[in-house]
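Please read the structure below before turning to the comments.
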Amino acid sequence: MWKQGVTASGPLMQRALEIRGTRRFALTLLTGGEAAMRVMDDILLARLYDELVVGGNIHKTTRRNRFKGLDQQVLAIVRERFAAVPELLVHDVGASSGITSLELWRSLVAERPTRMHASDYYAVLLVVRMANCPWAVVCEEDGAPLQFVSERFVLRAVQPESVLRPVNRWLQRRARKWLPQVDALLKAAGAGQQNAAPGRAGASIERIQLWHPECSLTAAAEPRFSVGRHDVFATMPPKWHLVRAMNVLNPGYFNPERQRVAARALAGSLLPGGVLVVGRTREEADASTAVSFFVREGNGLRVLLDLRGGAENRDLILEAGGAL
Ligand SMILES: C[S@@+](CC[C@H](N)C(=O)[O-])C[C@H]1O[C@@H](n2cnc3c(N)ncnc32)[C@H](O)[C@@H]1O
């Protein structure tokens with residue numbers, strides 16, 4: 001008839017984490033600032049990132065050690081190709097929480113000076129709360145609603161709840177009635193404002209940075225590690241020796257034309273001789289990753305290496321990158 005979600009830490013959350021069941025986790029668990037994020041364990045953070053679907057169909061799934069084996073391959077290529085470079089410049093695109101960027105940076109920086117920029121387009125969530133509204137409404141930065149969270153329930157904002165859970169469906173219909181007010185509030189507050197809710201007593205907007213707390217702390221302390229917002233489709237002047245785009249250019253996310261635009265933008269951001277790494281995690285359990293390494297030569301790309309058959313869109317990337 002209904003299914004409650006996980007909305008607070010405690011025994012219910014622990015059990016839900018242990019059994020890996022279908023109970024939905026409230027994205028509001030990410031609120032409370034960096035200090036709260038810091039005390040969360042990695043299992044919970046990974047679970048919350050699994051919960052995040054942005055831009056309609058794009059998952060933010062990531063986890064520590066996801067690219068342990070791949071990082072060794074990257075190190076080998078860097079040693080071989082960039083031995084003479086005084087400082088290696090690396091961009092990790094679509095980095096989600098950035099934890100895998102940090103891991104790669106740590107491996108690289110142990111061997112040589114390396115500057116790493118981890119970027120993602122969906123790096124912030126907004127949590128809107130209004131007086132008399134029983135729901136906290138979690139939205140993307142552009143206002144697209146993602147979740148309704150009450151004391152006990154966690155509902156999707158857009159996709160209908162299952163017919164097997166009529167209570168959830170009924171609650172979802174009621175919660176959706178608040179969306180015009182959420183929209184008006186966000187528009188009145190303007191982009192990028194926190195706790196600004198003009199003309200509405202008791203309303204608040206909280207911004208949640210989606211970088212892993214270890215990334216935020218490292219970025220604050222280390223000038224050679226930074227995080228920021230970047231759109232994979234946006235062009236950039238050639239400035240990187242190594243660009244990595246893992247689990248971003250998935251055919252399930254973007255049609256071939258969009259993938260081509262992104263491939264051109266990524267290839268165009270490479271310095272001459274720079275390396276582009278594109279691929280997808282096939283088996284999460286054993287971190288098996290199908291990857292292609294491309295090198296920028298002249299105005300095009302050449303395949304340097306394919307692992308596990310290479311990226312599924314390898315040829316498309318090669319073709320698009322050949323037309324810089
Ligand atoms: C599945 S996650 C991959 C995270 C990490 N690279 C990994 O493999 O563990 C895909 C990421 O791509 C990001 N993304 C989606 N569209 C994007 C865009 N247009 N520009 C930059 N990043 C984007 C999402 O926000 C998400 O964090």
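Every chain in the structure tokens has a letter given in the order shown (A, B, ...), and although residue numbers restart at 1 in each chain, ligands are simply numbered from 1 in the order shown.
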| task | Taking the chain letters and numbering used in this document, name the residues of segment 195-319 of chain A that DSSP puts in alpha helix (DSSP H), as number ranges by chain. | result | A: 213-221, 256-268, 314-319
| field | Nearby polymer residues, ligand 1, at most 7 Å, only C-alpha atoms and all ligand atoms, as a ChimeraX atom specification | value | /A:54-55,58-63,66,93-97,100,119-123,230-233,245-248
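Among A:Asn65, A:Thr28, A:Ser107, A:Gln209, the residue with the shortest atom-to-atom distance to Arg229 of chain A, counting only C-alpha atoms, is A:Gln209.
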| request: For Leu316 of chain A, list every protein, DNA or RNA residue within 10 Å, evaluated using only C-alpha atoms, and leave out those in the same chain fewer than 6 positions away; present the list as JSON, numbers by chain. | output: {"A": [256, 257, 259, 260, 263, 322]}
Generate the output file for the selected residues, N, CA, C and O atoms, as a short mmCIF file (atom, residue, chain, number, x, y, z; two decimals), in the first residue's frame.
data_model
loop_
_atom_site.label_atom_id
_atom_site.label_comp_id
_atom_site.auth_asym_id
_atom_site.auth_seq_id
_atom_site.Cartn_x
_atom_site.Cartn_y
_atom_site.Cartn_z
N PRO A 256 23.61 10.63 -30.47
CA PRO A 256 24.92 10.70 -31.13
C PRO A 256 25.36 12.13 -31.44
O PRO A 256 26.54 12.47 -31.31
N GLU A 257 24.42 12.99 -31.83
CA GLU A 257 24.83 14.36 -32.18
C GLU A 257 25.38 15.09 -30.95
O GLU A 257 26.41 15.78 -31.03
N GLN A 259 26.68 13.64 -28.35
CA GLN A 259 27.98 13.01 -28.03
C GLN A 259 29.09 13.60 -28.90
O GLN A 259 30.20 13.83 -28.44
N ARG A 260 28.76 13.86 -30.18
CA ARG A 260 29.76 14.44 -31.09
C ARG A 260 30.17 15.83 -30.62
O ARG A 260 31.34 16.19 -30.63
N ALA A 263 32.36 15.43 -27.69
CA ALA A 263 33.67 14.88 -28.07
C ALA A 263 34.55 15.98 -28.68
O ALA A 263 35.75 16.07 -28.39
N GLY A 322 38.21 14.24 -35.02
CA GLY A 322 39.04 14.43 -36.20
C GLY A 322 38.65 15.68 -36.97
O GLY A 322 39.27 16.02 -37.97
#
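The residue that comes closest to Met130 of chain A, out of A:Gly98, A:Asp142, A:Gly310, A:Val182 and on the basis of only C-alpha atoms, is A:Val182.
With only C-alpha atoms as the atoms that count, the minimum distance from Asn132 of chain A to the choices A:Trp178, A:Phe294, A:Phe25, A:Phe67 is reached by A:Trp178.
Residues with any atom within 12 Å of Gly21 of chain A, counting only C-alpha atoms and excluding same-chain neighbours fewer than 3 positions away, are Lys3, Gly5, Val6, Leu12, Met13, Gln14, Arg15, Ala16, Leu17, Glu18, Arg24, Phe25 and Arg47 of chain A.
Between Gly268 of chain A and the candidates A:Ile205, A:Ala84, A:Val295, A:Met236, the tightest atom-to-atom separation, counting only C-alpha atoms, involves A:Met236.
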| task | Pick out each residue of segment 117-281 of chain A that DSSP on the backbone tags as strand (DSSP E or B); I need them as a PyMOL selection string. | result | chain A and resi 117-120+124-129+136-140+145-149+154-156+204-209+225-229+240-246+270-281
Those same residues - N, CA and C atoms - I'd like them written as a short mmCIF file (atom, residue, chain, number, x, y, z; two decimals), in the first residue's frame.
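Once written, out-v9.cif looks like this:
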data_model
loop_
_atom_site.label_atom_id
_atom_site.label_comp_id
_atom_site.auth_asym_id
_atom_site.auth_seq_id
_atom_site.Cartn_x
_atom_site.Cartn_y
_atom_site.Cartn_z
N HIS A 117 41.67 19.72 -12.17
CA HIS A 117 40.38 20.39 -12.01
C HIS A 117 39.29 19.34 -12.19
N ALA A 118 38.44 19.19 -11.16
CA ALA A 118 37.31 18.26 -11.25
C ALA A 118 36.07 19.11 -11.50
N SER A 119 35.30 18.77 -12.55
CA SER A 119 34.13 19.61 -12.84
C SER A 119 32.90 18.75 -13.05
N ASP A 120 31.75 19.39 -12.86
CA ASP A 120 30.46 18.74 -13.12
C ASP A 120 29.45 19.85 -13.38
N VAL A 124 25.19 21.27 -7.63
CA VAL A 124 24.47 21.90 -6.52
C VAL A 124 23.02 21.43 -6.51
N LEU A 125 22.48 21.21 -5.31
CA LEU A 125 21.03 20.98 -5.16
C LEU A 125 20.45 22.11 -4.32
N LEU A 126 19.18 22.36 -4.51
CA LEU A 126 18.48 23.35 -3.68
C LEU A 126 17.41 22.61 -2.88
N VAL A 127 17.28 22.95 -1.61
CA VAL A 127 16.21 22.39 -0.80
C VAL A 127 15.29 23.54 -0.39
N VAL A 128 14.05 23.48 -0.85
CA VAL A 128 13.10 24.56 -0.58
C VAL A 128 12.16 24.13 0.53
N ARG A 129 12.03 24.97 1.53
CA ARG A 129 11.08 24.70 2.62
C ARG A 129 10.16 25.90 2.74
N ALA A 136 9.72 19.11 2.24
CA ALA A 136 10.93 19.80 1.76
C ALA A 136 11.03 19.38 0.29
N VAL A 137 11.22 20.35 -0.58
CA VAL A 137 11.27 20.03 -2.01
C VAL A 137 12.72 20.18 -2.48
N VAL A 138 13.28 19.06 -2.95
CA VAL A 138 14.67 19.09 -3.42
C VAL A 138 14.68 19.33 -4.92
N CYS A 139 15.43 20.33 -5.36
CA CYS A 139 15.45 20.71 -6.79
C CYS A 139 16.88 20.76 -7.31
N GLU A 140 16.99 20.67 -8.63
CA GLU A 140 18.28 20.96 -9.26
C GLU A 140 18.52 22.46 -9.19
N PRO A 145 12.38 20.07 -10.14
CA PRO A 145 12.17 19.35 -8.88
C PRO A 145 12.59 17.89 -8.98
N LEU A 146 13.17 17.37 -7.89
CA LEU A 146 13.65 15.98 -7.87
C LEU A 146 12.92 15.12 -6.86
N GLN A 147 12.70 15.65 -5.66
CA GLN A 147 12.14 14.83 -4.57
C GLN A 147 11.27 15.67 -3.65
N PHE A 148 10.26 15.01 -3.10
CA PHE A 148 9.51 15.57 -1.98
C PHE A 148 9.88 14.75 -0.75
N VAL A 149 10.20 15.44 0.33
CA VAL A 149 10.60 14.72 1.54
C VAL A 149 9.77 15.23 2.72
N VAL A 154 9.57 9.70 1.14
CA VAL A 154 10.45 10.28 0.12
C VAL A 154 9.81 9.94 -1.22
N LEU A 155 9.34 10.97 -1.92
CA LEU A 155 8.62 10.74 -3.18
C LEU A 155 9.39 11.36 -4.33
N ARG A 156 9.31 10.72 -5.48
CA ARG A 156 9.87 11.35 -6.68
C ARG A 156 9.01 12.54 -7.03
N SER A 204 12.52 29.04 3.09
CA SER A 204 13.98 29.06 2.97
C SER A 204 14.43 28.23 1.77
N ILE A 205 15.59 28.61 1.27
CA ILE A 205 16.21 27.85 0.17
C ILE A 205 17.63 27.50 0.62
N GLU A 206 17.91 26.23 0.70
CA GLU A 206 19.25 25.82 1.13
C GLU A 206 20.00 25.25 -0.07
N ARG A 207 21.24 25.67 -0.22
CA ARG A 207 22.08 25.14 -1.31
C ARG A 207 22.97 24.02 -0.79
N ILE A 208 22.99 22.89 -1.50
CA ILE A 208 23.87 21.80 -1.10
C ILE A 208 24.91 21.61 -2.19
N GLN A 209 26.16 21.75 -1.83
CA GLN A 209 27.25 21.45 -2.78
C GLN A 209 27.39 19.95 -2.86
N PHE A 225 44.51 21.47 -6.58
CA PHE A 225 43.29 20.67 -6.76
C PHE A 225 42.10 21.62 -6.67
N SER A 226 41.27 21.64 -7.70
CA SER A 226 40.12 22.55 -7.67
C SER A 226 38.87 21.84 -8.18
N VAL A 227 37.70 22.38 -7.80
CA VAL A 227 36.42 21.85 -8.27
C VAL A 227 35.61 23.01 -8.84
N GLY A 228 34.72 22.71 -9.77
CA GLY A 228 33.91 23.78 -10.33
C GLY A 228 32.86 23.26 -11.28
N ARG A 229 32.03 24.20 -11.77
CA ARG A 229 30.96 23.81 -12.68
C ARG A 229 31.46 23.93 -14.13
N TRP A 240 44.78 21.35 -21.45
CA TRP A 240 45.03 20.19 -20.57
C TRP A 240 45.91 19.15 -21.26
N HIS A 241 46.76 18.50 -20.45
CA HIS A 241 47.52 17.35 -20.97
C HIS A 241 46.65 16.11 -20.97
N LEU A 242 45.76 16.04 -19.96
CA LEU A 242 44.94 14.84 -19.81
C LEU A 242 43.52 15.28 -19.46
N VAL A 243 42.56 14.74 -20.25
CA VAL A 243 41.14 15.01 -19.95
C VAL A 243 40.46 13.66 -19.80
N ARG A 244 39.70 13.52 -18.72
CA ARG A 244 39.00 12.25 -18.49
C ARG A 244 37.50 12.52 -18.41
N ALA A 245 36.73 11.70 -19.12
CA ALA A 245 35.26 11.81 -19.07
C ALA A 245 34.70 10.40 -18.89
N MET A 246 34.54 9.99 -17.66
CA MET A 246 34.10 8.62 -17.39
C MET A 246 32.63 8.59 -17.03
N LEU A 270 42.28 19.79 -25.40
CA LEU A 270 43.58 19.14 -25.17
C LEU A 270 44.72 19.94 -25.76
N LEU A 271 45.83 20.00 -25.06
CA LEU A 271 47.05 20.55 -25.64
C LEU A 271 47.56 19.56 -26.70
N PRO A 272 48.39 20.02 -27.65
CA PRO A 272 48.93 19.07 -28.63
C PRO A 272 49.61 17.89 -27.91
N GLY A 273 49.28 16.68 -28.34
CA GLY A 273 49.85 15.49 -27.67
C GLY A 273 49.07 15.09 -26.42
N GLY A 274 48.04 15.86 -26.11
CA GLY A 274 47.25 15.56 -24.91
C GLY A 274 46.40 14.31 -25.08
N VAL A 275 46.01 13.72 -23.96
CA VAL A 275 45.31 12.43 -23.97
C VAL A 275 43.90 12.59 -23.41
N LEU A 276 42.95 11.99 -24.14
CA LEU A 276 41.55 11.98 -23.71
C LEU A 276 41.17 10.56 -23.30
N VAL A 277 40.56 10.42 -22.15
CA VAL A 277 40.15 9.11 -21.65
C VAL A 277 38.63 9.10 -21.53
N VAL A 278 38.00 8.19 -22.28
CA VAL A 278 36.53 8.11 -22.26
C VAL A 278 36.13 6.65 -22.04
N GLY A 279 35.14 6.43 -21.21
CA GLY A 279 34.70 5.05 -21.02
C GLY A 279 33.55 4.92 -20.06
N ARG A 280 33.21 3.67 -19.81
CA ARG A 280 32.04 3.40 -18.98
C ARG A 280 32.30 2.17 -18.09
N THR A 281 31.82 2.27 -16.87
CA THR A 281 31.93 1.14 -15.95
C THR A 281 30.92 0.09 -16.35
#
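When atom CA of Ile77 of chain A is paired with atom CA of Ala221 of chain A, their separation reads 28.0 Å.
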